[in-house]
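Presented below is the structure to which this report refers.
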Amino acid sequence: MKIENPNPIQWQFSERAQQLQSSAIREILKITQRPEIISFAGGLPSPATFPVERMKAAYDKVLSENGKQALQYGPTDGYAPLREWVANYLSTEGTTIVPEQILMVSGSQQALDLLGKVLIDEGSRVLVETPSYLGALQAFSVYRPEFQSVETDDHGLVPSSIEPLAKGARLLYSLPNFQNPTGRSLSIERRLELVETCARLGLPLIEDDPYGALSYKGEPMPRMLSMNPDGVIYMGSFSKVLTPGIRLGYVVAPLPLVRRLELAKQAADLHTATLTQMVVHEVVKDGFLDEHIPTIRNLYANQCQVMLDAMAEQFPEGVTWTRPEGGMFIWVTLPKHIDAMKLLDQAIAARVAFVPGAPFYANKPETNTLRLSFVTVPPERIREGIATLGKLIKDQM
């Protein structure tokens, strides 16, 4: 039976809900679904790297041999064998990570939300790079922090700029490897200085590391986690080395913090899918990533070089860009008078898409910047898209 002529509900959204904003990248991705668009916008791993047959075999084996366990509720902290694998993977000579420090999460984006929920109060000071990962800014913004932008240069975050901003700060969020959006990486010297500075100031340091394994030279930089396990919160993910659709990541933290994160996760989703965790463990437990990751590196390195070569040929003087040695992104700085948001409208009309740089800034956005991703675009389409973009930029010089 249906109620006759019900009064329309006057929805009263919370202040938190009213301040939520859509991701600029996600909105652009709606446009890039059109097949005629050459999209340099999405930070999406290349589907060519997804180990479909390996995943299929793992699902079959887990469901055949342990189906009832895989389809049941599980512990909040995660599937014990996978947590043990992660602990062994992250342990180095002189630094031992134990499974009790690890919380499995539904993608590293959930880790950002949980960290914000546990560490940030309204008005809390939070230090971020300039620019920083848009997903982190979104996740933390829900908890209404006061963002402080830490100085960066062509070599990434400048550790010496932290101390004047650090008083009362709850955390510093960093991506030291092939940063999203700039592609920059911190040198070993800067990593040591950053860890030492945060330790001296008593400032928790978040090391978000989704791209660390994607060094084109195959030589990953040392983790800051190994330099100070008691002061560094490490975030890892299987999205870039297996597949993002499984939504599986992990956070490594000192025991007092990881227990608080576990309680916050219980309130959010009880636990990350047991089946997914068991399947990923089945895939990685015998060293599969050691043979799989080099194929990803080679593909991305080749496509990155194609884009860099095309930019050198097609972009006019006055435009500069980063030259990443790993990861998925190139950061472009245009002359000051060119607004990348307006350029995007022209580019989409010409069937090319990118992400304007302004949304990646917590404060004082630089509107003459943009991010390009090359990993899902074939070489011939990269050349075509960069030629189109170069012509549009020249027209505004």
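Ligands are numbered from 1 in the order shown, chains are lettered A, B, ... in the order of the structure tokens, and residues start at 1 in each chain.
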Quiz prompt | Test item: residues at most 12 Å from Glu93 in chain A, only C-alpha atoms, excluding those fewer than 4 positions along its chain, as number ranges by chain | solution = A: 88-89, 97, 222, 226-227
Go ahead and dump the residues you just picked, all heavy atoms, as a PDB file, in the first residue's frame.
```
ATOM      1  N   ASN A  88      56.941  -9.329   6.341  1.00  0.00           N
ATOM      2  CA  ASN A  88      58.217  -9.831   5.820  1.00  0.00           C
ATOM      3  C   ASN A  88      58.698  -9.002   4.633  1.00  0.00           C
ATOM      4  O   ASN A  88      59.901  -8.735   4.483  1.00  0.00           O
ATOM      5  CB  ASN A  88      58.066 -11.295   5.404  1.00  0.00           C
ATOM      6  CG  ASN A  88      57.869 -12.217   6.585  1.00  0.00           C
ATOM      7  OD1 ASN A  88      58.302 -11.923   7.697  1.00  0.00           O
ATOM      8  ND2 ASN A  88      57.204 -13.347   6.366  1.00  0.00           N
ATOM      9  N   TYR A  89      57.772  -8.573   3.794  1.00  0.00           N
ATOM     10  CA  TYR A  89      58.094  -7.771   2.612  1.00  0.00           C
ATOM     11  C   TYR A  89      58.702  -6.432   3.006  1.00  0.00           C
ATOM     12  O   TYR A  89      59.628  -5.932   2.340  1.00  0.00           O
ATOM     13  CB  TYR A  89      56.815  -7.572   1.798  1.00  0.00           C
ATOM     14  CG  TYR A  89      56.939  -6.679   0.597  1.00  0.00           C
ATOM     15  CD1 TYR A  89      57.585  -7.113  -0.559  1.00  0.00           C
ATOM     16  CD2 TYR A  89      56.367  -5.405   0.590  1.00  0.00           C
ATOM     17  CE1 TYR A  89      57.680  -6.292  -1.673  1.00  0.00           C
ATOM     18  CE2 TYR A  89      56.452  -4.578  -0.509  1.00  0.00           C
ATOM     19  CZ  TYR A  89      57.115  -5.024  -1.649  1.00  0.00           C
ATOM     20  OH  TYR A  89      57.203  -4.210  -2.746  1.00  0.00           O
ATOM     21  N   ILE A  97      59.483  -5.443  10.911  1.00  0.00           N
ATOM     22  CA  ILE A  97      58.069  -5.104  11.009  1.00  0.00           C
ATOM     23  C   ILE A  97      57.317  -6.375  11.403  1.00  0.00           C
ATOM     24  O   ILE A  97      57.554  -7.441  10.829  1.00  0.00           O
ATOM     25  CB  ILE A  97      57.535  -4.557   9.675  1.00  0.00           C
ATOM     26  CG1 ILE A  97      58.351  -3.343   9.222  1.00  0.00           C
ATOM     27  CG2 ILE A  97      56.053  -4.204   9.787  1.00  0.00           C
ATOM     28  CD1 ILE A  97      58.346  -2.183  10.187  1.00  0.00           C
ATOM     29  N   PRO A 222      65.157   3.610  -0.359  1.00  0.00           N
ATOM     30  CA  PRO A 222      64.872   3.087   0.983  1.00  0.00           C
ATOM     31  C   PRO A 222      63.629   3.744   1.565  1.00  0.00           C
ATOM     32  O   PRO A 222      63.369   4.938   1.356  1.00  0.00           O
ATOM     33  CB  PRO A 222      66.126   3.462   1.777  1.00  0.00           C
ATOM     34  CG  PRO A 222      66.761   4.576   1.022  1.00  0.00           C
ATOM     35  CD  PRO A 222      66.450   4.325  -0.415  1.00  0.00           C
ATOM     36  N   SER A 226      61.779   2.393   7.521  1.00  0.00           N
ATOM     37  CA  SER A 226      62.931   1.674   8.074  1.00  0.00           C
ATOM     38  C   SER A 226      63.866   2.588   8.845  1.00  0.00           C
ATOM     39  O   SER A 226      64.667   2.122   9.659  1.00  0.00           O
ATOM     40  CB  SER A 226      63.707   0.983   6.947  1.00  0.00           C
ATOM     41  OG  SER A 226      64.280   1.939   6.070  1.00  0.00           O
ATOM     42  N   MET A 227      63.745   3.910   8.622  1.00  0.00           N
ATOM     43  CA  MET A 227      64.617   4.858   9.312  1.00  0.00           C
ATOM     44  C   MET A 227      64.103   5.207  10.705  1.00  0.00           C
ATOM     45  O   MET A 227      64.882   5.577  11.580  1.00  0.00           O
ATOM     46  CB  MET A 227      64.745   6.136   8.471  1.00  0.00           C
ATOM     47  CG  MET A 227      65.329   5.903   7.085  1.00  0.00           C
ATOM     48  SD  MET A 227      65.286   7.427   6.076  1.00  0.00           S
ATOM     49  CE  MET A 227      65.860   6.795   4.489  1.00  0.00           C
TER      50      MET A 227
END
```
Residues of range 9-156 of chain A classed as alpha helix (DSSP H) by DSSP on the backbone are to be reported as a tab-separated table (two decimals) with N, CA, C and O atoms, in the first residue's frame.
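Heads up, here's the output in states24.tsv:
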```
chain	number	residue	atom	x	y	z
A	15	GLU	N	26.80	19.57	8.54
A	15	GLU	CA	27.77	20.54	8.04
A	15	GLU	C	28.90	19.82	7.30
A	15	GLU	O	29.41	20.30	6.29
A	16	ARG	N	29.28	18.63	7.79
A	16	ARG	CA	30.34	17.87	7.14
A	16	ARG	C	29.92	17.47	5.73
A	16	ARG	O	30.68	17.57	4.78
A	17	ALA	N	28.66	17.02	5.60
A	17	ALA	CA	28.18	16.60	4.29
A	17	ALA	C	28.08	17.78	3.33
A	17	ALA	O	28.35	17.65	2.13
A	18	GLN	N	27.72	18.94	3.85
A	18	GLN	CA	27.56	20.11	3.01
A	18	GLN	C	28.89	20.60	2.44
A	18	GLN	O	28.92	21.24	1.38
A	24	ALA	N	37.87	16.69	-8.72
A	24	ALA	CA	38.02	17.25	-10.07
A	24	ALA	C	38.40	16.17	-11.07
A	24	ALA	O	37.95	16.17	-12.22
A	25	ILE	N	39.21	15.22	-10.62
A	25	ILE	CA	39.66	14.15	-11.51
A	25	ILE	C	38.49	13.26	-11.90
A	25	ILE	O	38.32	12.89	-13.07
A	26	ARG	N	37.65	12.90	-10.92
A	26	ARG	CA	36.52	12.02	-11.21
A	26	ARG	C	35.55	12.68	-12.17
A	26	ARG	O	34.96	12.01	-13.03
A	27	GLU	N	35.35	13.99	-12.04
A	27	GLU	CA	34.46	14.68	-12.95
A	27	GLU	C	35.04	14.67	-14.37
A	27	GLU	O	34.31	14.48	-15.35
A	28	ILE	N	36.33	14.88	-14.48
A	28	ILE	CA	36.97	14.86	-15.80
A	28	ILE	C	36.89	13.46	-16.41
A	28	ILE	O	36.67	13.30	-17.62
A	29	LEU	N	37.03	12.43	-15.57
A	29	LEU	CA	37.00	11.06	-16.07
A	29	LEU	C	35.66	10.71	-16.72
A	29	LEU	O	35.60	9.85	-17.60
A	30	LYS	N	34.58	11.35	-16.28
A	30	LYS	CA	33.29	11.11	-16.91
A	30	LYS	C	33.34	11.49	-18.39
A	30	LYS	O	32.78	10.81	-19.24
A	31	ILE	N	34.05	12.58	-18.67
A	31	ILE	CA	34.19	13.03	-20.06
A	31	ILE	C	35.09	12.09	-20.84
A	31	ILE	O	34.83	11.78	-22.01
A	32	THR	N	36.13	11.60	-20.20
A	32	THR	CA	37.13	10.81	-20.91
A	32	THR	C	36.65	9.40	-21.23
A	32	THR	O	37.39	8.64	-21.88
A	52	VAL	N	45.24	-11.16	-15.21
A	52	VAL	CA	43.88	-11.71	-15.15
A	52	VAL	C	43.89	-13.22	-14.92
A	52	VAL	O	43.16	-13.74	-14.06
A	53	GLU	N	44.69	-13.95	-15.68
A	53	GLU	CA	44.69	-15.41	-15.55
A	53	GLU	C	45.21	-15.84	-14.18
A	53	GLU	O	44.69	-16.79	-13.58
A	54	ARG	N	46.22	-15.13	-13.69
A	54	ARG	CA	46.75	-15.46	-12.36
A	54	ARG	C	45.69	-15.21	-11.29
A	54	ARG	O	45.53	-16.02	-10.37
A	55	MET	N	44.97	-14.11	-11.41
A	55	MET	CA	43.91	-13.81	-10.44
A	55	MET	C	42.77	-14.83	-10.55
A	55	MET	O	42.24	-15.30	-9.53
A	56	LYS	N	42.42	-15.20	-11.76
A	56	LYS	CA	41.36	-16.18	-11.95
A	56	LYS	C	41.73	-17.51	-11.31
A	56	LYS	O	40.92	-18.13	-10.60
A	57	ALA	N	42.96	-17.95	-11.51
A	57	ALA	CA	43.41	-19.21	-10.93
A	57	ALA	C	43.39	-19.13	-9.40
A	57	ALA	O	43.03	-20.11	-8.71
A	58	ALA	N	43.76	-17.98	-8.86
A	58	ALA	CA	43.79	-17.81	-7.41
A	58	ALA	C	42.38	-17.84	-6.84
A	58	ALA	O	42.13	-18.46	-5.78
A	59	TYR	N	41.44	-17.17	-7.50
A	59	TYR	CA	40.05	-17.23	-7.04
A	59	TYR	C	39.54	-18.66	-7.05
A	59	TYR	O	38.88	-19.12	-6.10
A	60	ASP	N	39.82	-19.39	-8.13
A	60	ASP	CA	39.37	-20.78	-8.22
A	60	ASP	C	39.95	-21.62	-7.09
A	60	ASP	O	39.24	-22.41	-6.45
A	61	LYS	N	41.24	-21.45	-6.82
A	61	LYS	CA	41.88	-22.26	-5.79
A	61	LYS	C	41.36	-21.92	-4.40
A	61	LYS	O	41.05	-22.82	-3.60
A	62	VAL	N	41.25	-20.63	-4.11
A	62	VAL	CA	40.77	-20.23	-2.78
A	62	VAL	C	39.34	-20.71	-2.55
A	62	VAL	O	39.02	-21.27	-1.49
A	63	LEU	N	38.48	-20.54	-3.54
A	63	LEU	CA	37.10	-20.96	-3.37
A	63	LEU	C	36.95	-22.48	-3.34
A	63	LEU	O	36.08	-23.01	-2.63
A	64	SER	N	37.80	-23.17	-4.07
A	64	SER	CA	37.73	-24.64	-4.06
A	64	SER	C	38.25	-25.24	-2.77
A	64	SER	O	37.67	-26.20	-2.24
A	65	GLU	N	39.33	-24.67	-2.23
A	65	GLU	CA	39.98	-25.27	-1.07
A	65	GLU	C	39.57	-24.64	0.26
A	65	GLU	O	39.59	-25.32	1.30
A	66	ASN	N	39.21	-23.34	0.24
A	66	ASN	CA	38.87	-22.65	1.50
A	66	ASN	C	37.67	-21.73	1.31
A	66	ASN	O	37.62	-20.63	1.87
A	67	GLY	N	36.70	-22.20	0.53
A	67	GLY	CA	35.57	-21.35	0.17
A	67	GLY	C	34.77	-20.86	1.35
A	67	GLY	O	34.36	-19.69	1.39
A	68	LYS	N	34.52	-21.72	2.31
A	68	LYS	CA	33.68	-21.31	3.45
A	68	LYS	C	34.37	-20.23	4.28
A	68	LYS	O	33.73	-19.28	4.74
A	69	GLN	N	35.70	-20.35	4.47
A	69	GLN	CA	36.43	-19.31	5.20
A	69	GLN	C	36.47	-18.02	4.39
A	69	GLN	O	36.27	-16.92	4.93
A	70	ALA	N	36.68	-18.15	3.07
A	70	ALA	CA	36.81	-16.96	2.23
A	70	ALA	C	35.51	-16.16	2.15
A	70	ALA	O	35.54	-14.94	1.97
A	80	ALA	N	45.47	-13.12	8.45
A	80	ALA	CA	46.77	-13.25	9.12
A	80	ALA	C	47.92	-13.61	8.17
A	80	ALA	O	49.00	-13.01	8.26
A	81	PRO	N	47.77	-14.60	7.27
A	81	PRO	CA	48.89	-14.92	6.37
A	81	PRO	C	49.30	-13.75	5.48
A	81	PRO	O	50.49	-13.58	5.19
A	82	LEU	N	48.34	-12.94	5.05
A	82	LEU	CA	48.69	-11.78	4.21
A	82	LEU	C	49.39	-10.72	5.04
A	82	LEU	O	50.37	-10.11	4.58
A	83	ARG	N	48.95	-10.49	6.25
A	83	ARG	CA	49.63	-9.53	7.12
A	83	ARG	C	51.07	-9.98	7.40
A	83	ARG	O	51.99	-9.16	7.44
A	84	GLU	N	51.26	-11.27	7.56
A	84	GLU	CA	52.61	-11.78	7.78
A	84	GLU	C	53.47	-11.59	6.52
A	84	GLU	O	54.64	-11.22	6.62
A	85	TRP	N	52.86	-11.80	5.35
A	85	TRP	CA	53.61	-11.58	4.11
A	85	TRP	C	54.03	-10.12	3.99
A	85	TRP	O	55.17	-9.82	3.63
A	86	VAL	N	53.11	-9.19	4.27
A	86	VAL	CA	53.42	-7.77	4.20
A	86	VAL	C	54.54	-7.42	5.18
A	86	VAL	O	55.47	-6.67	4.85
A	87	ALA	N	54.46	-7.97	6.40
A	87	ALA	CA	55.50	-7.69	7.40
A	87	ALA	C	56.87	-8.15	6.91
A	87	ALA	O	57.87	-7.42	7.05
A	88	ASN	N	56.94	-9.33	6.34
A	88	ASN	CA	58.22	-9.83	5.82
A	88	ASN	C	58.70	-9.00	4.63
A	88	ASN	O	59.90	-8.74	4.48
A	89	TYR	N	57.77	-8.57	3.79
A	89	TYR	CA	58.09	-7.77	2.61
A	89	TYR	C	58.70	-6.43	3.01
A	89	TYR	O	59.63	-5.93	2.34
A	90	LEU	N	58.22	-5.85	4.09
A	90	LEU	CA	58.67	-4.53	4.51
A	90	LEU	C	59.86	-4.56	5.47
A	90	LEU	O	60.51	-3.54	5.67
A	108	SER	N	44.11	2.12	-0.18
A	108	SER	CA	44.82	3.06	0.68
A	108	SER	C	44.02	4.33	0.92
A	108	SER	O	44.28	5.07	1.86
A	109	GLN	N	43.01	4.59	0.07
A	109	GLN	CA	42.15	5.75	0.33
A	109	GLN	C	41.42	5.59	1.67
A	109	GLN	O	41.21	6.57	2.39
A	110	GLN	N	41.05	4.35	2.02
A	110	GLN	CA	40.44	4.14	3.33
A	110	GLN	C	41.43	4.43	4.44
A	110	GLN	O	41.07	4.98	5.49
A	111	ALA	N	42.70	4.08	4.23
A	111	ALA	CA	43.71	4.38	5.25
A	111	ALA	C	43.79	5.88	5.51
A	111	ALA	O	43.90	6.31	6.66
A	112	LEU	N	43.71	6.68	4.46
A	112	LEU	CA	43.74	8.14	4.62
A	112	LEU	C	42.55	8.60	5.45
A	112	LEU	O	42.68	9.45	6.35
A	113	ASP	N	41.37	8.07	5.15
A	113	ASP	CA	40.18	8.45	5.90
A	113	ASP	C	40.30	8.05	7.37
A	113	ASP	O	39.96	8.83	8.27
A	114	LEU	N	40.79	6.84	7.63
A	114	LEU	CA	40.94	6.38	9.02
A	114	LEU	C	41.97	7.21	9.77
A	114	LEU	O	41.78	7.55	10.95
A	115	LEU	N	43.06	7.55	9.11
A	115	LEU	CA	44.08	8.39	9.75
A	115	LEU	C	43.51	9.76	10.08
A	115	LEU	O	43.78	10.33	11.14
A	116	GLY	N	42.73	10.31	9.15
A	116	GLY	CA	42.09	11.58	9.44
A	116	GLY	C	41.14	11.48	10.61
A	116	GLY	O	41.11	12.35	11.50
A	117	LYS	N	40.38	10.43	10.66
A	117	LYS	CA	39.39	10.24	11.74
A	117	LYS	C	40.07	10.11	13.10
A	117	LYS	O	39.56	10.62	14.11
A	118	VAL	N	41.22	9.46	13.13
A	118	VAL	CA	41.90	9.17	14.39
A	118	VAL	C	42.82	10.31	14.84
A	118	VAL	O	42.99	10.54	16.05
A	119	LEU	N	43.39	11.05	13.90
A	119	LEU	CA	44.44	12.02	14.25
A	119	LEU	C	44.01	13.49	14.14
A	119	LEU	O	44.69	14.35	14.70
A	134	LEU	N	45.58	14.82	-4.39
A	134	LEU	CA	44.23	15.32	-4.24
A	134	LEU	C	43.37	14.42	-3.34
A	134	LEU	O	42.56	14.91	-2.54
A	135	GLY	N	43.54	13.10	-3.45
A	135	GLY	CA	42.74	12.18	-2.63
A	135	GLY	C	43.00	12.34	-1.15
A	135	GLY	O	42.09	12.18	-0.33
A	136	ALA	N	44.24	12.67	-0.78
A	136	ALA	CA	44.55	12.90	0.63
A	136	ALA	C	43.91	14.20	1.11
A	136	ALA	O	43.36	14.27	2.21
A	137	LEU	N	43.98	15.24	0.29
A	137	LEU	CA	43.36	16.51	0.66
A	137	LEU	C	41.86	16.33	0.86
A	137	LEU	O	41.26	16.86	1.80
A	138	GLN	N	41.23	15.55	-0.01
A	138	GLN	CA	39.80	15.28	0.14
A	138	GLN	C	39.51	14.50	1.41
A	138	GLN	O	38.58	14.83	2.16
A	139	ALA	N	40.29	13.44	1.66
A	139	ALA	CA	40.04	12.61	2.83
A	139	ALA	C	40.20	13.39	4.13
A	139	ALA	O	39.39	13.26	5.06
A	140	PHE	N	41.25	14.19	4.21
A	140	PHE	CA	41.51	14.94	5.44
A	140	PHE	C	40.54	16.11	5.59
A	140	PHE	O	40.19	16.49	6.71
A	141	SER	N	40.11	16.69	4.49
A	141	SER	CA	39.25	17.88	4.55
A	141	SER	C	37.95	17.62	5.30
A	141	SER	O	37.38	18.54	5.91
```
Quiz item: Got a sec: who's within 7 Å of range 298-310 of chain A, counting only C-alpha atoms, leaving out chain neighbours fewer than 3 positions off, as a list in words?
Solution: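 Surrounding residues, per the criterion: Tyr216, Pro294, Thr295, Glu313, Gln314, Phe374, Val375, Pro379, Ile382, Arg383 and Ile386 of chain A.
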Exercise. Please identify all polymer residues within 9 Å of range 325-342 of chain A, counting only C-alpha atoms, omitting same-chain residues fewer than 6 positions from it, and present them as JSON, numbers by chain.
Key: {"A": [43, 44, 45, 177, 178, 179, 180, 181, 182, 183, 184, 185, 210, 211, 212, 213, 214, 215, 216, 217, 218, 297, 300, 301, 304, 307, 308, 318, 319, 355, 356, 357, 358, 366, 367, 368, 369, 370, 371, 372, 373, 374, 375, 393, 396, 397]}
Extract, using only C-alpha atoms, all DNA, RNA and protein residues at most 9 Å from Pro229 in chain A, discarding same-chain residues fewer than 2 positions from it, and format them as a compact mmCIF listing (two decimals) with N, CA, C and O atoms, in the first residue's frame.
```txt
# COMPACT_ATOMS: atom_id res chain seq x y z
N THR A 95 65.70 -3.55 10.66
CA THR A 95 64.34 -3.09 10.98
C THR A 95 63.36 -4.23 10.74
O THR A 95 63.22 -4.70 9.61
N THR A 96 62.70 -4.66 11.80
CA THR A 96 61.73 -5.75 11.69
C THR A 96 60.33 -5.20 11.88
O THR A 96 60.03 -4.55 12.89
N ILE A 97 59.48 -5.44 10.91
CA ILE A 97 58.07 -5.10 11.01
C ILE A 97 57.32 -6.38 11.40
O ILE A 97 57.55 -7.44 10.83
N MET A 224 61.27 5.36 4.36
CA MET A 224 61.45 6.14 5.58
C MET A 224 60.98 5.35 6.79
O MET A 224 61.45 5.57 7.91
N LEU A 225 60.07 4.42 6.59
CA LEU A 225 59.63 3.53 7.67
C LEU A 225 60.81 2.83 8.33
O LEU A 225 60.86 2.70 9.56
N SER A 226 61.78 2.39 7.52
CA SER A 226 62.93 1.67 8.07
C SER A 226 63.87 2.59 8.85
O SER A 226 64.67 2.12 9.66
N MET A 227 63.74 3.91 8.62
CA MET A 227 64.62 4.86 9.31
C MET A 227 64.10 5.21 10.71
O MET A 227 64.88 5.58 11.58
N GLY A 231 58.05 6.44 14.40
CA GLY A 231 57.54 7.77 14.09
C GLY A 231 56.96 7.91 12.69
O GLY A 231 56.45 8.97 12.34
N VAL A 232 57.07 6.83 11.88
CA VAL A 232 56.60 6.88 10.49
C VAL A 232 55.40 5.95 10.33
O VAL A 232 55.44 4.80 10.75
N ILE A 233 54.36 6.46 9.72
CA ILE A 233 53.17 5.68 9.37
C ILE A 233 53.27 5.39 7.88
O ILE A 233 53.33 6.32 7.05
N TYR A 234 53.31 4.13 7.52
CA TYR A 234 53.56 3.73 6.13
C TYR A 234 52.27 3.21 5.50
O TYR A 234 51.54 2.42 6.11
N VAL A 252 50.84 0.59 8.01
CA VAL A 252 51.76 0.09 9.03
C VAL A 252 52.01 1.23 10.00
O VAL A 252 52.41 2.32 9.60
N ALA A 253 51.78 0.98 11.27
CA ALA A 253 51.89 2.06 12.25
C ALA A 253 52.34 1.49 13.59
O ALA A 253 52.23 0.29 13.85
N PRO A 254 52.87 2.35 14.47
CA PRO A 254 53.18 1.91 15.83
C PRO A 254 51.92 1.34 16.50
O PRO A 254 50.79 1.76 16.19
```
Each residue of range 297-381 of chain A with at least one atom at most 9 Å from range 147-164 of chain A should appear once, together with its nearest atom pair and the corresponding distance in Å (one decimal); atoms considered: only C-alpha atoms; ordering: chain, then increasing residue number; output as a Markdown table.
```
| residue | atom | partner | partner_atom | distance |
| --- | --- | --- | --- | --- |
| A:Thr322 | CA | A:Asp154 | CA | 7.9 |
| A:Tyr361 | CA | A:Ser149 | CA | 8.1 |
| A:Ala362 | CA | A:Phe147 | CA | 6.3 |
| A:Asn363 | CA | A:Ser149 | CA | 6.6 |
```
Go ahead and dump the residues you just picked, N, CA, C and O atoms, as a PDB file, in the first residue's frame.
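Written file, again38.pdb:
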```pdb
ATOM      1  N   THR A 322      58.411  18.047 -15.414  1.00  0.00           N
ATOM      2  CA  THR A 322      59.256  17.124 -14.672  1.00  0.00           C
ATOM      3  C   THR A 322      59.644  15.945 -15.559  1.00  0.00           C
ATOM      4  O   THR A 322      58.984  15.650 -16.567  1.00  0.00           O
ATOM      5  N   TYR A 361      46.516  21.701  -4.819  1.00  0.00           N
ATOM      6  CA  TYR A 361      47.087  22.629  -3.839  1.00  0.00           C
ATOM      7  C   TYR A 361      46.126  22.804  -2.670  1.00  0.00           C
ATOM      8  O   TYR A 361      44.941  23.096  -2.871  1.00  0.00           O
ATOM      9  N   ALA A 362      46.639  22.659  -1.447  1.00  0.00           N
ATOM     10  CA  ALA A 362      45.821  22.918  -0.267  1.00  0.00           C
ATOM     11  C   ALA A 362      45.597  24.401  -0.081  1.00  0.00           C
ATOM     12  O   ALA A 362      44.553  24.826   0.430  1.00  0.00           O
ATOM     13  N   ASN A 363      46.568  25.209  -0.481  1.00  0.00           N
ATOM     14  CA  ASN A 363      46.501  26.669  -0.352  1.00  0.00           C
ATOM     15  C   ASN A 363      47.140  27.300  -1.588  1.00  0.00           C
ATOM     16  O   ASN A 363      48.051  26.739  -2.180  1.00  0.00           O
TER      17      ASN A 363
END
```
Practice problem: Using only C-alpha atoms, find the one residue out of A:Thr276, A:Glu146, A:Leu103, A:Glu219 that sits nearest to Leu263 in chain A. | Solution: A:Leu103
Quiz item: Can you list, as a count of residues only, every protein, DNA or RNA residue that comes within 12 Å of Leu392 in chain A when you count only C-alpha atoms, leaving out same-chain residues fewer than 2 positions away?
Solution: 27
Practice problem: Would you please extract all strand (DSSP E) residues from range 210-392 of chain A, as assigned by DSSP on the backbone, and give them as a PyMOL selection string? | Solution: chain A and resi 232-237+249-252+320-321+329-333+352-353+355-356+369-373
Could you save those same residues with C-alpha atoms as a PDB file, in the first residue's frame?
```
ATOM      1  CA  VAL A 232      56.599   6.879  10.492  1.00  0.00           C
ATOM      2  CA  ILE A 233      53.165   5.683   9.367  1.00  0.00           C
ATOM      3  CA  TYR A 234      53.559   3.726   6.133  1.00  0.00           C
ATOM      4  CA  MET A 235      50.823   3.203   3.541  1.00  0.00           C
ATOM      5  CA  GLY A 236      51.039   0.585   0.806  1.00  0.00           C
ATOM      6  CA  SER A 237      48.691  -0.724  -1.859  1.00  0.00           C
ATOM      7  CA  GLY A 249      45.886  -1.736   0.741  1.00  0.00           C
ATOM      8  CA  TYR A 250      47.547  -1.669   4.131  1.00  0.00           C
ATOM      9  CA  VAL A 251      48.787   0.745   6.743  1.00  0.00           C
ATOM     10  CA  VAL A 252      51.759   0.091   9.025  1.00  0.00           C
ATOM     11  CA  THR A 320      58.602  23.281 -18.299  1.00  0.00           C
ATOM     12  CA  TRP A 321      57.926  19.780 -17.002  1.00  0.00           C
ATOM     13  CA  PHE A 329      52.809  11.190 -13.928  1.00  0.00           C
ATOM     14  CA  ILE A 330      54.448  14.226 -15.528  1.00  0.00           C
ATOM     15  CA  TRP A 331      53.846  17.711 -14.088  1.00  0.00           C
ATOM     16  CA  VAL A 332      53.714  20.642 -16.486  1.00  0.00           C
ATOM     17  CA  THR A 333      54.170  24.326 -15.657  1.00  0.00           C
ATOM     18  CA  VAL A 352      42.375  15.649 -25.484  1.00  0.00           C
ATOM     19  CA  ALA A 353      42.065  15.605 -21.687  1.00  0.00           C
ATOM     20  CA  VAL A 355      43.995  17.293 -15.098  1.00  0.00           C
ATOM     21  CA  PRO A 356      44.485  20.982 -14.198  1.00  0.00           C
ATOM     22  CA  THR A 369      49.995  23.874 -13.881  1.00  0.00           C
ATOM     23  CA  LEU A 370      48.638  20.537 -15.064  1.00  0.00           C
ATOM     24  CA  ARG A 371      49.181  16.788 -14.663  1.00  0.00           C
ATOM     25  CA  LEU A 372      49.644  14.307 -17.488  1.00  0.00           C
ATOM     26  CA  SER A 373      49.407  10.527 -17.144  1.00  0.00           C
TER      27      SER A 373
END
```
Practice problem: For CA of Arg381 in chain A and CA of Thr243 in chain A, determine how far apart the two atoms are, in Å to one decimal place. | Solution: 23.4 Å
Quiz prompt | Between CA of Phe50 in chain A and CA of Val241 in chain A, distance in Å (one decimal) | solution =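 For CA of Phe50 in chain A relative to CA of Val241 in chain A, the distance reads 8.4 Å.
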